[in-house]
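Trainee: Supplied structure: model.txt, compact mmCIF, C-alpha atoms.
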```txt
# COMPACT_ATOMS: atom_id res chain seq x y z
CA MET A 1 56.05 -91.61 -2.74
CA LYS A 2 55.47 -87.92 -3.52
CA LEU A 3 51.77 -88.62 -4.04
CA ASN A 4 51.49 -90.17 -0.58
CA LEU A 5 53.23 -87.15 0.94
CA LYS A 6 50.74 -84.83 -0.80
CA ILE A 7 47.84 -86.87 0.57
CA VAL A 8 49.27 -86.76 4.10
CA VAL A 9 49.80 -82.98 3.87
CA ALA A 10 46.25 -82.51 2.54
CA LEU A 11 44.81 -84.61 5.38
CA LEU A 12 46.80 -82.62 7.95
CA LEU A 13 45.44 -79.38 6.50
CA CYS A 14 41.91 -80.79 6.74
CA VAL A 15 42.46 -81.68 10.40
CA VAL A 16 43.75 -78.17 11.15
CA ALA A 17 40.75 -76.66 9.33
CA ALA A 18 38.33 -78.90 11.24
CA ILE A 19 39.89 -77.91 14.56
CA THR A 20 39.70 -74.22 13.63
CA VAL A 21 36.03 -74.51 12.61
CA GLY A 22 35.31 -76.31 15.85
CA MET A 23 36.83 -73.48 17.86
CA VAL A 24 34.83 -70.85 15.96
CA ALA A 25 31.59 -72.80 16.34
CA ALA A 26 31.86 -72.83 20.13
CA GLU A 27 32.17 -69.06 20.47
CA ASP A 28 29.67 -66.65 21.95
CA LEU A 29 28.83 -63.39 20.22
CA THR A 30 27.82 -60.17 21.95
CA LEU A 31 24.98 -57.98 20.68
CA PRO A 32 25.14 -54.17 20.96
CA ASP A 33 22.87 -54.25 24.05
CA GLY A 34 25.33 -56.57 25.88
CA ALA A 35 23.37 -59.82 25.47
CA THR A 36 25.31 -62.85 24.25
CA PHE A 37 24.37 -65.97 22.34
CA THR A 38 26.14 -69.12 21.20
CA VAL A 39 27.14 -69.63 17.56
CA PRO A 40 25.73 -73.03 16.46
CA ASP A 41 28.17 -75.72 15.29
CA GLY A 42 29.34 -75.40 11.71
CA PHE A 43 28.46 -71.72 11.26
CA THR A 44 31.00 -69.08 10.33
CA VAL A 45 30.71 -65.50 11.52
CA GLN A 46 30.66 -62.80 8.84
CA ASP A 47 29.73 -59.12 8.48
CA ASP A 48 26.60 -58.81 6.31
CA GLY A 49 27.65 -55.44 4.88
CA ASP A 50 24.98 -53.53 6.84
CA GLY A 51 26.87 -53.59 10.13
CA ASN A 52 25.13 -56.75 11.33
CA THR A 53 26.82 -60.00 12.21
CA ALA A 54 25.68 -62.88 10.02
CA LEU A 55 26.08 -66.55 10.76
CA VAL A 56 26.50 -68.57 7.58
CA LYS A 57 26.45 -72.28 6.83
CA ASP A 58 26.00 -73.56 3.28
CA ASP A 59 23.14 -71.45 1.82
CA LEU A 60 21.60 -70.53 5.18
CA ALA A 61 22.26 -67.13 6.74
CA ILE A 62 21.12 -66.07 10.22
CA ILE A 63 21.19 -62.59 11.76
CA VAL A 64 20.41 -61.84 15.42
CA LEU A 65 19.26 -58.35 16.37
CA ALA A 66 18.39 -56.61 19.62
CA SER A 67 15.09 -55.00 18.66
CA ASP A 68 12.96 -52.00 19.55
CA ALA A 69 9.91 -53.91 18.34
CA LYS A 70 7.42 -54.13 21.19
CA SER A 71 5.33 -56.78 19.45
CA PRO A 72 5.34 -59.12 16.45
CA ASP A 73 3.14 -56.56 14.66
CA ASP A 74 5.86 -53.91 15.07
CA ALA A 75 8.41 -56.28 13.54
CA LYS A 76 6.01 -57.09 10.69
CA LYS A 77 5.45 -53.40 9.86
CA THR A 78 9.20 -52.77 9.82
CA LEU A 79 9.97 -55.70 7.51
CA GLU A 80 7.07 -54.93 5.18
CA SER A 81 8.31 -51.33 4.88
CA LYS A 82 11.65 -52.77 3.69
CA GLY A 83 10.04 -54.76 0.88
CA TYR A 84 9.48 -58.13 2.57
CA THR A 85 6.22 -59.89 1.68
CA PHE A 86 4.46 -61.23 4.77
CA LYS A 87 3.25 -64.84 4.43
CA SER A 88 2.19 -66.06 7.88
CA GLN A 89 2.70 -65.86 11.62
CA LYS A 90 2.41 -68.45 14.36
CA ASP A 91 3.22 -68.79 18.03
CA VAL A 92 5.94 -71.42 18.45
CA SER A 93 6.70 -73.14 21.74
CA GLY A 94 9.50 -75.21 23.17
CA PHE A 95 11.67 -72.35 24.41
CA GLY A 96 10.91 -72.54 28.12
CA ASP A 97 9.97 -69.11 29.49
CA ILE A 98 10.76 -67.38 26.19
CA LYS A 99 7.71 -66.45 24.11
CA VAL A 100 8.54 -66.78 20.40
CA PHE A 101 6.54 -65.87 17.30
CA GLU A 102 7.60 -67.18 13.89
CA GLN A 103 6.91 -64.88 10.96
CA ALA A 104 7.37 -66.17 7.41
CA TYR A 105 8.29 -63.72 4.65
CA ASP A 106 9.43 -63.74 1.05
CA LYS A 107 12.05 -61.36 -0.31
CA ASP A 108 12.77 -61.58 -4.03
CA GLY A 109 11.77 -65.27 -4.06
CA MET A 110 13.87 -66.19 -1.02
CA PRO A 111 12.15 -67.60 2.07
CA ILE A 112 12.87 -65.63 5.23
CA TYR A 113 11.82 -66.56 8.77
CA GLY A 114 11.80 -63.96 11.52
CA TYR A 115 11.61 -65.10 15.13
CA VAL A 116 10.42 -62.35 17.44
CA CYS A 117 11.20 -63.19 21.05
CA GLU A 118 11.43 -61.56 24.44
CA VAL A 119 14.14 -62.67 26.84
CA ASP A 120 14.11 -61.21 30.36
CA GLY A 121 12.21 -58.12 29.17
CA SER A 122 14.46 -57.45 26.13
CA SER A 123 13.25 -58.00 22.57
CA TYR A 124 15.25 -59.85 19.93
CA ILE A 125 14.68 -60.87 16.34
CA VAL A 126 16.47 -63.86 14.87
CA CYS A 127 16.19 -63.93 11.07
CA ALA A 128 16.95 -66.99 8.96
CA ALA A 129 17.31 -66.48 5.21
CA ASN A 130 17.13 -69.21 2.60
CA ALA A 131 16.05 -71.88 5.07
CA PRO A 132 15.62 -75.41 3.66
CA SER A 133 12.13 -76.74 2.90
CA ASP A 134 12.16 -79.05 5.94
CA TRP A 135 12.85 -76.14 8.32
CA ASP A 136 11.44 -76.77 11.82
CA VAL A 137 12.44 -74.38 14.59
CA SER A 138 11.01 -76.69 17.26
CA ASN A 139 13.76 -79.23 16.48
CA SER A 140 16.43 -78.89 19.19
CA ASP A 141 19.16 -79.19 16.52
CA ASN A 142 17.75 -76.24 14.55
CA PRO A 143 20.32 -73.40 14.68
CA VAL A 144 17.69 -70.75 15.50
CA ASN A 145 16.45 -72.93 18.36
CA ILE A 146 20.03 -73.16 19.67
CA ILE A 147 20.53 -69.39 19.38
CA ILE A 148 17.26 -68.43 21.10
CA LYS A 149 17.80 -70.84 23.97
CA SER A 150 21.36 -69.53 24.46
CA ILE A 151 20.55 -65.79 24.64
CA ASP A 152 22.02 -64.50 27.91
CA THR A 153 20.87 -61.05 29.03
CA SER A 154 22.84 -60.90 32.30
CA ASN A 155 25.02 -58.07 30.88
CA VAL A 156 22.18 -56.01 29.37
```
Would you mind writing the file out in structure tokens?
Mentor:
Amino acid sequence: MKLNLKIVVALLLCVVAAITVGMVAAEDLTLPDGATFTVPDGFTVQDDGDGNTALVKDDLAIIVLASDAKSPDDAKKTLESKGYTFKSQKDVSGFGDIKVFEQAYDKDGMPIYGYVCEVDGSSYIVCAANAPSDWDVSNSDNPVNIIIKSIDTSNV
């Protein structure tokens, strides 16, 4: 009987945890410039230690930054100066009126994708670290896709 009670208590704790995660996943975050974006389902919000907000799920980490970069080349120069090895760049579509460039980098053997985008005249960079090998930002379920499409600049 005590074993059944332990199982019931454990299941109740799991339900409470699932509800809590669900509430966190639906939140919007505000960037320093006033823009907001939606946290994709399943991600937890953490401080990355450099004053940036990181979204983490399993081994994937995503950071969203309001950027002074006026072009993808500006972003590339900045990241290369910080020790990132540039691999490739391509124009990616599927974001409506938002122009997005995907830049692939390597940092100490870890794959990093930087998405340079302009939303209503403001520049943003969404970085995804340790992305899985089947990473495809054009997939509507991709967390970076969700973030970019949800950027709201009405308070900028």
Trainee: Find the residue from A:Ser123, A:Lys99, A:Ser81, A:Phe43 that sits nearest to A:Asp58; use all atoms listed in the file when measuring.
Mentor: A:Phe43
Trainee: Would you please work out which residue, of A:Pro72, A:Asn142, A:Lys82, A:Asp134, is nearest to A:Tyr115 when using all atoms listed in the file?
Mentor: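 Closest candidate: A:Pro72.
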Trainee: Write out as a ChimeraX atom specification each polymer residue whose atoms come within 7 Å of A:Ala104, counting only C-alpha atoms; drop sequence neighbours fewer than 5 positions from it.
Mentor: /A:86-89,112-114
Trainee: Have a look at atom CA of A:Ala66 and atom CA of A:Gly109 and let me know their distance in Å, one decimal.
Mentor: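 Value for the atom CA of A:Ala66-atom CA of A:Gly109 distance: 26.1 Å.
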Trainee: Kindly give the distance, in Å, that separates atom CA of A:Lys76 and atom CA of A:Asp28, rounded to a single decimal.
Mentor: 27.9 Å
Trainee: Have a look at atom CA of A:Thr38 and atom CA of A:Lys90 and let me know their distance in Å, one decimal.
Mentor: 24.7 Å
Trainee: Do you know which residues are at most 12 Å from A:Val100 counting all atoms listed in the file, after dropping those on the same chain fewer than 2 positions away, and could you put them as a ChimeraX atom specification?
Mentor: /A:71-72,89-98,102-103,114-119,123-126,137-138,144-145,148-149
Trainee: Of the candidates A:Gly49, A:Pro40, A:Pro32, A:Gly83, which shows the shortest atom-to-atom distance to A:Ser140, using all atoms listed in the file?
Mentor: A:Pro40
